[in-house]
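**Q** I'm passing along upload-v8.txt; it holds compact mmCIF, N, CA and C atoms and all ligand atoms.
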# COMPACT_ATOMS: atom_id res chain seq x y z
N MET P 139 32.85 -90.21 -25.38
CA MET P 139 33.03 -89.71 -26.75
C MET P 139 33.78 -90.74 -27.58
N LYS P 140 33.24 -91.07 -28.75
CA LYS P 140 33.92 -92.04 -29.62
C LYS P 140 35.19 -91.42 -30.21
N THR P 141 36.19 -92.26 -30.43
CA THR P 141 37.43 -91.75 -31.01
C THR P 141 37.89 -92.64 -32.16
N VAL P 142 38.78 -92.11 -32.96
CA VAL P 142 39.40 -92.85 -34.05
C VAL P 142 40.92 -92.66 -33.92
N LYS P 143 41.65 -93.73 -34.21
CA LYS P 143 43.12 -93.65 -34.12
C LYS P 143 43.67 -92.95 -35.36
N VAL P 144 44.56 -91.98 -35.13
CA VAL P 144 45.15 -91.25 -36.25
C VAL P 144 46.67 -91.42 -36.24
N ASN P 145 47.21 -91.77 -37.39
CA ASN P 145 48.66 -91.82 -37.58
C ASN P 145 49.05 -90.89 -38.70
N ILE P 146 50.04 -90.06 -38.46
CA ILE P 146 50.61 -89.24 -39.54
C ILE P 146 52.04 -89.72 -39.74
N VAL P 147 52.31 -90.16 -40.97
CA VAL P 147 53.57 -90.84 -41.27
C VAL P 147 54.27 -90.13 -42.43
N THR P 148 55.60 -90.00 -42.34
CA THR P 148 56.38 -89.43 -43.45
C THR P 148 57.48 -90.43 -43.82
N PRO P 149 58.21 -90.18 -44.91
CA PRO P 149 59.32 -91.08 -45.25
C PRO P 149 60.36 -91.18 -44.13
N ASP P 150 60.42 -90.17 -43.25
CA ASP P 150 61.37 -90.20 -42.12
C ASP P 150 60.81 -90.93 -40.91
N GLY P 151 59.55 -91.36 -40.97
CA GLY P 151 58.96 -92.08 -39.85
C GLY P 151 57.68 -91.42 -39.36
N PRO P 152 57.08 -92.00 -38.28
CA PRO P 152 55.83 -91.45 -37.76
C PRO P 152 56.06 -90.11 -37.07
N VAL P 153 55.14 -89.17 -37.24
CA VAL P 153 55.29 -87.88 -36.57
C VAL P 153 54.14 -87.59 -35.60
N TYR P 154 53.05 -88.34 -35.71
CA TYR P 154 51.92 -88.08 -34.81
C TYR P 154 51.10 -89.35 -34.68
N GLU P 155 50.68 -89.64 -33.45
CA GLU P 155 49.77 -90.76 -33.23
C GLU P 155 48.90 -90.45 -32.03
N SER P 156 47.58 -90.53 -32.20
CA SER P 156 46.68 -90.25 -31.09
C SER P 156 45.28 -90.77 -31.40
N ASP P 157 44.47 -90.94 -30.36
CA ASP P 157 43.05 -91.24 -30.54
C ASP P 157 42.31 -89.92 -30.48
N VAL P 158 41.59 -89.59 -31.54
CA VAL P 158 40.96 -88.27 -31.61
C VAL P 158 39.47 -88.37 -31.90
N GLU P 159 38.77 -87.28 -31.58
CA GLU P 159 37.31 -87.23 -31.78
C GLU P 159 36.97 -86.78 -33.20
N MET P 160 37.86 -86.00 -33.80
CA MET P 160 37.63 -85.54 -35.17
C MET P 160 38.93 -85.11 -35.82
N VAL P 161 39.05 -85.40 -37.11
CA VAL P 161 40.20 -84.97 -37.92
C VAL P 161 39.66 -84.02 -38.98
N SER P 162 40.24 -82.82 -39.08
CA SER P 162 39.85 -81.91 -40.16
C SER P 162 41.09 -81.60 -40.98
N THR P 163 40.92 -81.62 -42.28
CA THR P 163 42.06 -81.31 -43.13
C THR P 163 41.60 -80.84 -44.50
N LYS P 164 42.59 -80.40 -45.29
CA LYS P 164 42.27 -79.84 -46.60
C LYS P 164 42.62 -80.85 -47.68
N ALA P 165 41.59 -81.47 -48.25
CA ALA P 165 41.81 -82.37 -49.38
C ALA P 165 41.79 -81.55 -50.66
N GLN P 166 42.24 -82.15 -51.75
CA GLN P 166 42.22 -81.41 -53.01
C GLN P 166 40.79 -81.08 -53.43
N SER P 167 39.82 -81.87 -52.93
CA SER P 167 38.42 -81.63 -53.27
C SER P 167 37.74 -80.66 -52.31
N GLY P 168 38.47 -80.21 -51.28
CA GLY P 168 37.88 -79.28 -50.32
C GLY P 168 38.14 -79.71 -48.89
N GLU P 169 37.59 -78.95 -47.93
CA GLU P 169 37.79 -79.27 -46.51
C GLU P 169 37.11 -80.61 -46.19
N LEU P 170 37.81 -81.42 -45.39
CA LEU P 170 37.26 -82.72 -44.99
C LEU P 170 37.21 -82.78 -43.47
N GLY P 171 36.09 -83.24 -42.94
CA GLY P 171 36.00 -83.50 -41.50
C GLY P 171 35.68 -84.98 -41.31
N ILE P 172 36.54 -85.68 -40.60
CA ILE P 172 36.37 -87.13 -40.45
C ILE P 172 36.05 -87.45 -38.99
N LEU P 173 34.93 -88.13 -38.79
CA LEU P 173 34.53 -88.57 -37.44
C LEU P 173 34.74 -90.08 -37.33
N PRO P 174 34.80 -90.63 -36.11
CA PRO P 174 34.92 -92.08 -35.94
C PRO P 174 33.82 -92.80 -36.72
N GLY P 175 34.17 -93.91 -37.37
CA GLY P 175 33.17 -94.70 -38.09
C GLY P 175 32.94 -94.21 -39.51
N HIS P 176 33.72 -93.27 -39.96
CA HIS P 176 33.57 -92.75 -41.33
C HIS P 176 33.77 -93.87 -42.35
N ILE P 177 33.04 -93.79 -43.46
CA ILE P 177 33.21 -94.82 -44.49
C ILE P 177 34.64 -94.77 -45.05
N PRO P 178 35.16 -95.94 -45.47
CA PRO P 178 36.53 -95.98 -46.01
C PRO P 178 36.68 -95.08 -47.23
N MET P 179 37.77 -94.38 -47.30
CA MET P 179 38.06 -93.54 -48.47
C MET P 179 39.54 -93.19 -48.52
N VAL P 180 39.98 -92.77 -49.69
CA VAL P 180 41.34 -92.26 -49.86
C VAL P 180 41.22 -90.91 -50.55
N ALA P 181 41.96 -89.91 -50.07
CA ALA P 181 41.87 -88.59 -50.69
C ALA P 181 43.25 -87.95 -50.74
N PRO P 182 43.61 -87.34 -51.89
CA PRO P 182 44.86 -86.58 -51.94
C PRO P 182 44.70 -85.27 -51.15
N LEU P 183 45.77 -84.88 -50.45
CA LEU P 183 45.72 -83.69 -49.59
C LEU P 183 46.47 -82.52 -50.21
N GLU P 184 46.03 -81.33 -49.85
CA GLU P 184 46.74 -80.09 -50.19
C GLU P 184 47.83 -79.85 -49.14
N ILE P 185 48.70 -78.91 -49.41
CA ILE P 185 49.57 -78.37 -48.36
C ILE P 185 48.63 -77.64 -47.40
N GLY P 186 48.60 -78.03 -46.14
CA GLY P 186 47.65 -77.40 -45.22
C GLY P 186 47.80 -77.91 -43.81
N ALA P 187 46.88 -77.45 -42.97
CA ALA P 187 46.89 -77.85 -41.56
C ALA P 187 46.01 -79.08 -41.37
N VAL P 188 46.44 -79.97 -40.49
CA VAL P 188 45.55 -81.04 -40.01
C VAL P 188 45.18 -80.67 -38.58
N ARG P 189 43.89 -80.58 -38.31
CA ARG P 189 43.43 -80.27 -36.95
C ARG P 189 42.88 -81.54 -36.32
N LEU P 190 43.35 -81.84 -35.13
CA LEU P 190 42.98 -83.09 -34.48
C LEU P 190 42.36 -82.74 -33.12
N LYS P 191 41.03 -82.97 -33.02
CA LYS P 191 40.30 -82.58 -31.81
C LYS P 191 40.33 -83.75 -30.83
N ARG P 192 40.82 -83.48 -29.63
CA ARG P 192 40.82 -84.54 -28.63
C ARG P 192 40.79 -83.97 -27.22
N ASP P 193 40.14 -84.69 -26.31
CA ASP P 193 40.09 -84.31 -24.89
C ASP P 193 39.82 -82.82 -24.69
N GLY P 194 38.94 -82.26 -25.49
CA GLY P 194 38.63 -80.85 -25.32
C GLY P 194 39.66 -79.91 -25.91
N GLY P 195 40.82 -80.43 -26.38
CA GLY P 195 41.85 -79.58 -26.99
C GLY P 195 42.01 -79.93 -28.46
N THR P 196 42.85 -79.16 -29.14
CA THR P 196 43.09 -79.42 -30.56
C THR P 196 44.59 -79.43 -30.83
N ASP P 197 45.07 -80.48 -31.52
CA ASP P 197 46.45 -80.53 -31.98
C ASP P 197 46.48 -80.05 -33.44
N TYR P 198 47.56 -79.39 -33.80
CA TYR P 198 47.72 -78.90 -35.17
C TYR P 198 49.00 -79.50 -35.75
N VAL P 199 48.88 -80.02 -36.97
CA VAL P 199 50.05 -80.56 -37.66
C VAL P 199 50.10 -79.95 -39.07
N ALA P 200 51.25 -79.41 -39.44
CA ALA P 200 51.43 -78.90 -40.81
C ALA P 200 51.79 -80.06 -41.72
N VAL P 201 51.06 -80.20 -42.82
CA VAL P 201 51.29 -81.31 -43.74
C VAL P 201 51.57 -80.74 -45.13
N SER P 202 52.63 -81.25 -45.76
CA SER P 202 53.00 -80.76 -47.09
C SER P 202 52.48 -81.70 -48.16
N GLY P 203 51.17 -81.81 -48.28
CA GLY P 203 50.55 -82.70 -49.27
C GLY P 203 50.66 -84.15 -48.86
N GLY P 204 50.14 -85.04 -49.69
CA GLY P 204 50.17 -86.46 -49.38
C GLY P 204 48.79 -87.07 -49.54
N PHE P 205 48.55 -88.14 -48.80
CA PHE P 205 47.27 -88.85 -48.92
C PHE P 205 46.67 -89.14 -47.56
N LEU P 206 45.35 -89.10 -47.53
CA LEU P 206 44.58 -89.46 -46.34
C LEU P 206 43.89 -90.78 -46.64
N GLU P 207 44.06 -91.75 -45.76
CA GLU P 207 43.34 -93.01 -45.90
C GLU P 207 42.45 -93.19 -44.68
N VAL P 208 41.15 -93.35 -44.93
CA VAL P 208 40.19 -93.50 -43.82
C VAL P 208 39.67 -94.93 -43.78
N ARG P 209 39.77 -95.51 -42.61
CA ARG P 209 39.08 -96.77 -42.32
C ARG P 209 38.25 -96.52 -41.07
N PRO P 210 37.23 -97.33 -40.78
CA PRO P 210 36.33 -97.01 -39.66
C PRO P 210 37.05 -96.78 -38.33
N GLU P 211 38.13 -97.53 -38.08
CA GLU P 211 38.81 -97.45 -36.78
C GLU P 211 40.14 -96.70 -36.86
N GLN P 212 40.53 -96.29 -38.05
CA GLN P 212 41.90 -95.79 -38.23
C GLN P 212 41.98 -94.80 -39.38
N VAL P 213 42.61 -93.67 -39.12
CA VAL P 213 42.89 -92.70 -40.17
C VAL P 213 44.41 -92.61 -40.31
N THR P 214 44.90 -92.76 -41.55
CA THR P 214 46.34 -92.64 -41.78
C THR P 214 46.59 -91.52 -42.77
N ILE P 215 47.54 -90.65 -42.43
CA ILE P 215 47.96 -89.61 -43.35
C ILE P 215 49.40 -89.90 -43.73
N LEU P 216 49.62 -90.10 -45.03
CA LEU P 216 50.97 -90.32 -45.55
C LEU P 216 51.40 -89.03 -46.21
N ALA P 217 52.41 -88.38 -45.64
CA ALA P 217 52.79 -87.05 -46.13
C ALA P 217 54.26 -87.03 -46.50
N GLN P 218 54.61 -86.19 -47.47
CA GLN P 218 56.02 -86.02 -47.83
C GLN P 218 56.78 -85.41 -46.65
N ALA P 219 56.13 -84.43 -45.99
CA ALA P 219 56.70 -83.84 -44.77
C ALA P 219 55.54 -83.42 -43.88
N ALA P 220 55.73 -83.53 -42.56
CA ALA P 220 54.68 -83.14 -41.61
C ALA P 220 55.33 -82.75 -40.30
N GLU P 221 54.87 -81.65 -39.71
CA GLU P 221 55.43 -81.20 -38.44
C GLU P 221 54.32 -80.78 -37.48
N PRO P 222 54.27 -81.36 -36.29
CA PRO P 222 53.35 -80.86 -35.26
C PRO P 222 53.72 -79.41 -34.94
N ALA P 223 52.69 -78.60 -34.58
CA ALA P 223 52.89 -77.15 -34.39
C ALA P 223 54.09 -76.84 -33.50
N ASP P 224 54.25 -77.60 -32.41
CA ASP P 224 55.31 -77.25 -31.46
C ASP P 224 56.70 -77.69 -31.93
N GLN P 225 56.76 -78.39 -33.07
CA GLN P 225 58.08 -78.78 -33.59
C GLN P 225 58.50 -77.95 -34.79
N ILE P 226 57.70 -76.94 -35.11
CA ILE P 226 58.02 -76.10 -36.27
C ILE P 226 59.06 -75.05 -35.86
N ASP P 227 60.11 -75.00 -36.66
CA ASP P 227 61.16 -73.99 -36.48
C ASP P 227 60.68 -72.74 -37.21
N ILE P 228 60.18 -71.78 -36.45
CA ILE P 228 59.52 -70.62 -37.06
C ILE P 228 60.51 -69.76 -37.83
N GLU P 229 61.74 -69.63 -37.33
CA GLU P 229 62.74 -68.82 -38.06
C GLU P 229 63.05 -69.45 -39.41
N ARG P 230 63.19 -70.76 -39.42
CA ARG P 230 63.45 -71.47 -40.68
C ARG P 230 62.30 -71.25 -41.67
N ALA P 231 61.07 -71.33 -41.16
CA ALA P 231 59.91 -71.15 -42.04
C ALA P 231 59.86 -69.72 -42.58
N LYS P 232 60.20 -68.74 -41.74
CA LYS P 232 60.18 -67.35 -42.21
C LYS P 232 61.26 -67.12 -43.27
N GLU P 233 62.43 -67.74 -43.04
CA GLU P 233 63.50 -67.61 -44.03
C GLU P 233 63.09 -68.28 -45.36
N ALA P 234 62.46 -69.44 -45.24
CA ALA P 234 62.02 -70.17 -46.45
C ALA P 234 60.99 -69.32 -47.20
N LYS P 235 60.12 -68.64 -46.45
CA LYS P 235 59.09 -67.78 -47.08
C LYS P 235 59.76 -66.64 -47.84
N GLN P 236 60.74 -65.99 -47.20
CA GLN P 236 61.44 -64.88 -47.86
C GLN P 236 62.16 -65.34 -49.12
N ARG P 237 62.81 -66.51 -49.00
CA ARG P 237 63.54 -67.07 -50.15
C ARG P 237 62.57 -67.33 -51.31
N ALA P 238 61.44 -67.93 -50.97
CA ALA P 238 60.46 -68.27 -52.01
C ALA P 238 59.90 -67.01 -52.65
N GLU P 239 59.65 -65.99 -51.84
CA GLU P 239 59.11 -64.73 -52.39
C GLU P 239 60.12 -64.09 -53.35
N LYS P 240 61.40 -64.16 -52.95
CA LYS P 240 62.45 -63.60 -53.82
C LYS P 240 62.51 -64.37 -55.14
N ASN P 241 62.42 -65.69 -55.03
CA ASN P 241 62.48 -66.53 -56.24
C ASN P 241 61.27 -66.30 -57.14
N LEU P 242 60.13 -65.99 -56.52
CA LEU P 242 58.92 -65.75 -57.31
C LEU P 242 59.02 -64.43 -58.07
N GLN P 243 59.70 -63.45 -57.45
CA GLN P 243 59.83 -62.15 -58.10
C GLN P 243 60.79 -62.21 -59.28
N ALA P 244 61.84 -63.03 -59.13
CA ALA P 244 62.81 -63.16 -60.21
C ALA P 244 62.13 -63.79 -61.42
N LYS P 245 62.45 -63.29 -62.59
CA LYS P 245 61.86 -63.87 -63.81
C LYS P 245 62.55 -65.21 -64.08
N GLN P 246 61.78 -66.28 -63.95
CA GLN P 246 62.37 -67.60 -64.13
C GLN P 246 61.47 -68.45 -65.01
N ASP P 247 61.93 -69.61 -65.35
CA ASP P 247 61.06 -70.47 -66.17
C ASP P 247 59.95 -71.06 -65.30
N ASN P 248 58.98 -71.70 -65.98
CA ASN P 248 57.77 -72.18 -65.31
C ASN P 248 58.04 -73.17 -64.19
N ILE P 249 59.04 -74.03 -64.40
CA ILE P 249 59.32 -75.07 -63.41
C ILE P 249 59.81 -74.43 -62.11
N ASP P 250 60.73 -73.47 -62.25
CA ASP P 250 61.23 -72.78 -61.06
C ASP P 250 60.13 -71.98 -60.38
N PHE P 251 59.24 -71.40 -61.18
CA PHE P 251 58.14 -70.62 -60.63
C PHE P 251 57.23 -71.52 -59.80
N LYS P 252 56.90 -72.67 -60.36
CA LYS P 252 56.02 -73.63 -59.66
C LYS P 252 56.69 -74.11 -58.36
N ARG P 253 57.98 -74.36 -58.47
CA ARG P 253 58.72 -74.84 -57.29
C ARG P 253 58.72 -73.77 -56.18
N ALA P 254 58.92 -72.52 -56.59
CA ALA P 254 58.93 -71.42 -55.60
C ALA P 254 57.54 -71.24 -55.00
N GLU P 255 56.52 -71.42 -55.84
CA GLU P 255 55.14 -71.28 -55.35
C GLU P 255 54.83 -72.32 -54.27
N LEU P 256 55.27 -73.55 -54.54
CA LEU P 256 55.04 -74.63 -53.56
C LEU P 256 55.85 -74.39 -52.29
N ALA P 257 57.08 -73.92 -52.44
CA ALA P 257 57.92 -73.62 -51.27
C ALA P 257 57.27 -72.54 -50.43
N LEU P 258 56.68 -71.54 -51.11
CA LEU P 258 56.00 -70.45 -50.39
C LEU P 258 54.79 -71.01 -49.63
N LYS P 259 54.03 -71.87 -50.29
CA LYS P 259 52.86 -72.48 -49.63
C LYS P 259 53.26 -73.26 -48.39
N ARG P 260 54.34 -74.04 -48.51
CA ARG P 260 54.80 -74.85 -47.36
C ARG P 260 55.21 -73.94 -46.22
N ALA P 261 55.95 -72.88 -46.56
CA ALA P 261 56.45 -71.97 -45.52
C ALA P 261 55.28 -71.26 -44.83
N MET P 262 54.32 -70.76 -45.63
CA MET P 262 53.18 -70.04 -45.04
C MET P 262 52.32 -70.98 -44.19
N ASN P 263 52.19 -72.21 -44.65
CA ASN P 263 51.43 -73.20 -43.87
C ASN P 263 52.11 -73.44 -42.52
N ARG P 264 53.44 -73.57 -42.53
CA ARG P 264 54.16 -73.81 -41.27
C ARG P 264 54.01 -72.62 -40.33
N ILE P 265 54.08 -71.43 -40.89
CA ILE P 265 53.93 -70.23 -40.06
C ILE P 265 52.52 -70.19 -39.46
N ASP P 266 51.51 -70.45 -40.29
CA ASP P 266 50.12 -70.43 -39.81
C ASP P 266 49.90 -71.49 -38.73
N VAL P 267 50.40 -72.68 -38.98
CA VAL P 267 50.17 -73.77 -38.01
C VAL P 267 50.90 -73.46 -36.71
N HIS P 268 52.11 -72.91 -36.82
CA HIS P 268 52.87 -72.56 -35.62
C HIS P 268 52.09 -71.55 -34.78
N GLU P 269 51.42 -70.65 -35.47
CA GLU P 269 50.64 -69.63 -34.75
C GLU P 269 49.22 -70.11 -34.47
N ASN P 270 48.94 -71.40 -34.79
CA ASN P 270 47.62 -72.00 -34.55
C ASN P 270 46.48 -71.18 -35.12
N LYS P 271 46.70 -70.66 -36.30
CA LYS P 271 45.67 -69.78 -36.87
C LYS P 271 44.63 -70.54 -37.66
N ARG P 272 44.95 -71.78 -37.99
CA ARG P 272 43.98 -72.48 -38.85
C ARG P 272 43.19 -73.48 -38.05
P1 LIG N 301 63.41 -75.44 -46.18
O1 LIG N 301 63.72 -74.59 -47.39
O2 LIG N 301 63.46 -74.66 -44.90
O3 LIG N 301 64.17 -76.74 -46.12
P2 LIG N 301 61.22 -76.88 -47.34
O4 LIG N 301 59.76 -76.53 -47.46
O5 LIG N 301 61.95 -76.96 -48.61
O6 LIG N 301 61.85 -75.83 -46.31
P3 LIG N 301 60.77 -79.66 -46.97
O7 LIG N 301 61.50 -80.17 -48.17
O8 LIG N 301 59.27 -79.58 -47.05
O9 LIG N 301 61.37 -78.23 -46.56
O10 LIG N 301 61.15 -80.53 -45.68
C1 LIG N 301 62.42 -81.10 -45.48
C2 LIG N 301 62.47 -81.59 -44.06
O11 LIG N 301 62.61 -80.50 -43.15
C3 LIG N 301 61.21 -82.33 -43.60
O12 LIG N 301 61.59 -83.36 -42.71
C4 LIG N 301 60.40 -81.26 -42.88
O13 LIG N 301 59.57 -81.84 -41.88
C5 LIG N 301 61.52 -80.43 -42.25
N1 LIG N 301 61.18 -79.00 -42.14
C6 LIG N 301 61.10 -78.09 -43.13
N2 LIG N 301 60.85 -76.87 -42.65
C7 LIG N 301 60.73 -76.99 -41.32
C8 LIG N 301 60.46 -76.07 -40.25
N3 LIG N 301 60.24 -74.78 -40.47
N4 LIG N 301 60.43 -76.56 -38.99
C9 LIG N 301 60.65 -77.88 -38.74
N5 LIG N 301 60.90 -78.79 -39.70
C10 LIG N 301 60.95 -78.36 -40.98
Reformat the file's structure so that it appears as structure tokens.
Ligand code: ATP
**A**
Amino acid sequence: MKTVKVNIVTPDGPVYESDVEMVSTKAQSGELGILPGHIPMVAPLEIGAVRLKRDGGTDYVAVSGGFLEVRPEQVTILAQAAEPADQIDIERAKEAKQRAEKNLQAKQDNIDFKRAELALKRAMNRIDVHENKR
């Protein structure tokens, strides 16, 4: 089976590196599935799960937006924050979700509303990825 090298990198350093058979993720233009040998491209990512298929199994990484860069032999994801499923602190994510929901209910200005919306998305994504639902 052909593979492509995948690196997921954040400002704090690399969080994932592996040779995989397929990378699936959510770009702003829609779901993307990248196979080895894919034509070069760059795409902005949504807050979402990255699924990495390898050796018959699948790794899940929660990504809080960023960019995907595809080259034939290498896929790089540059993310503001990214956590592999087994490194997600589920209690922290649940608390962040509750906090964001509370902030969304409070009548606030648009900037705070947008910020709470994004915090909620990040928290829900972490919870979903932790539970391997995506
Ligand atoms: P919180 O309010 O819990 O800090 P957040 O969405 O505001 O959540 P970020 O600003 O996206 O957090 O991330 C800050 C740092 O904390 C990043 O390094 C991110 O990987 C890490 N992080 C955030 N939430 C979790 C979590 N539930 N489990 C593990 N790491 C997390």
**Q** Could you give me the axis-aligned bounding box of ligand LIG 301 (chain N), with 8 Å of padding per side, as centre plus edge lengths in Å to one decimal, as lines of an AutoDock Vina configuration file?
**A**
center_x = 61.7
center_y = -79.0
center_z = -43.7
size_x = 20.9
size_y = 24.8
size_z = 25.9
**Q** What do you get as a PyMOL selection string if you pick all residues at most 6 Å from ligand LIG 301 (chain N), counting all atoms listed in the file?
**A** chain P and resi 219-221+225-228+230-231+234+257+260-261
**Q** Run DSSP on the backbone and grab whatever in chain P lands in helix (DSSP H, G or I); send it over as an MDAnalysis selection string.
**A** chainID P and resid 223:225 228:243 248:268
**Q** So which residues touch P:Asp197 within 6.5 Å, counting all atoms listed in the file, skipping near sequence neighbours fewer than 5 positions away, as a ChimeraX atom specification?
**A** /P:188-192,223
**Q** For atom CA of P:Ile185 and atom CA of P:Asp266, determine how far apart the two atoms are, in Å to one decimal place.
**A**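 Going from atom CA of P:Ile185 over to atom CA of P:Asp266, I get 11.7 Å.
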**Q** List every residue of chain P that DSSP, applied to the backbone of this structure, assigns to strand (DSSP E), and report them as an MDAnalysis selection string.
**A** chainID P and resid 142:148 151:158 160:165 168:172 179:192 195:209 212:217 220:222
**Q** Hey, can you pull every residue with an atom no more than 6 Å from (46.8, -86.7, -46.3), using all atoms listed in the file, and send it as a PDB file with N, CA and C atoms, in the frame of the given file?
**A**
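Saved the output as point04.pdb:
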ATOM      1  N   ALA P 181      41.960 -89.910 -50.070  1.00  0.00           N
ATOM      2  CA  ALA P 181      41.870 -88.590 -50.690  1.00  0.00           C
ATOM      3  C   ALA P 181      43.250 -87.950 -50.740  1.00  0.00           C
ATOM      4  N   PRO P 182      43.610 -87.340 -51.890  1.00  0.00           N
ATOM      5  CA  PRO P 182      44.860 -86.580 -51.940  1.00  0.00           C
ATOM      6  C   PRO P 182      44.700 -85.270 -51.150  1.00  0.00           C
ATOM      7  N   LEU P 183      45.770 -84.880 -50.450  1.00  0.00           N
ATOM      8  CA  LEU P 183      45.720 -83.690 -49.590  1.00  0.00           C
ATOM      9  C   LEU P 183      46.470 -82.520 -50.210  1.00  0.00           C
ATOM     10  N   GLY P 203      51.170 -81.810 -48.280  1.00  0.00           N
ATOM     11  CA  GLY P 203      50.550 -82.700 -49.270  1.00  0.00           C
ATOM     12  C   GLY P 203      50.660 -84.150 -48.860  1.00  0.00           C
ATOM     13  N   GLY P 204      50.140 -85.040 -49.690  1.00  0.00           N
ATOM     14  CA  GLY P 204      50.170 -86.460 -49.380  1.00  0.00           C
ATOM     15  C   GLY P 204      48.790 -87.070 -49.540  1.00  0.00           C
ATOM     16  N   PHE P 205      48.550 -88.140 -48.800  1.00  0.00           N
ATOM     17  CA  PHE P 205      47.270 -88.850 -48.920  1.00  0.00           C
ATOM     18  C   PHE P 205      46.670 -89.140 -47.560  1.00  0.00           C
ATOM     19  N   LEU P 206      45.350 -89.100 -47.530  1.00  0.00           N
ATOM     20  CA  LEU P 206      44.580 -89.460 -46.340  1.00  0.00           C
ATOM     21  C   LEU P 206      43.890 -90.780 -46.640  1.00  0.00           C
ATOM     22  N   GLU P 207      44.060 -91.750 -45.760  1.00  0.00           N
ATOM     23  CA  GLU P 207      43.340 -93.010 -45.900  1.00  0.00           C
ATOM     24  C   GLU P 207      42.450 -93.190 -44.680  1.00  0.00           C
ATOM     25  N   THR P 214      44.900 -92.760 -41.550  1.00  0.00           N
ATOM     26  CA  THR P 214      46.340 -92.640 -41.780  1.00  0.00           C
ATOM     27  C   THR P 214      46.590 -91.520 -42.770  1.00  0.00           C
ATOM     28  N   ILE P 215      47.540 -90.650 -42.430  1.00  0.00           N
ATOM     29  CA  ILE P 215      47.960 -89.610 -43.350  1.00  0.00           C
ATOM     30  C   ILE P 215      49.400 -89.900 -43.730  1.00  0.00           C
ATOM     31  N   LEU P 216      49.620 -90.100 -45.030  1.00  0.00           N
ATOM     32  CA  LEU P 216      50.970 -90.320 -45.550  1.00  0.00           C
ATOM     33  C   LEU P 216      51.400 -89.030 -46.210  1.00  0.00           C
ATOM     34  N   ALA P 217      52.410 -88.380 -45.640  1.00  0.00           N
ATOM     35  CA  ALA P 217      52.790 -87.050 -46.130  1.00  0.00           C
ATOM     36  C   ALA P 217      54.260 -87.030 -46.500  1.00  0.00           C
TER      37      ALA P 217
END
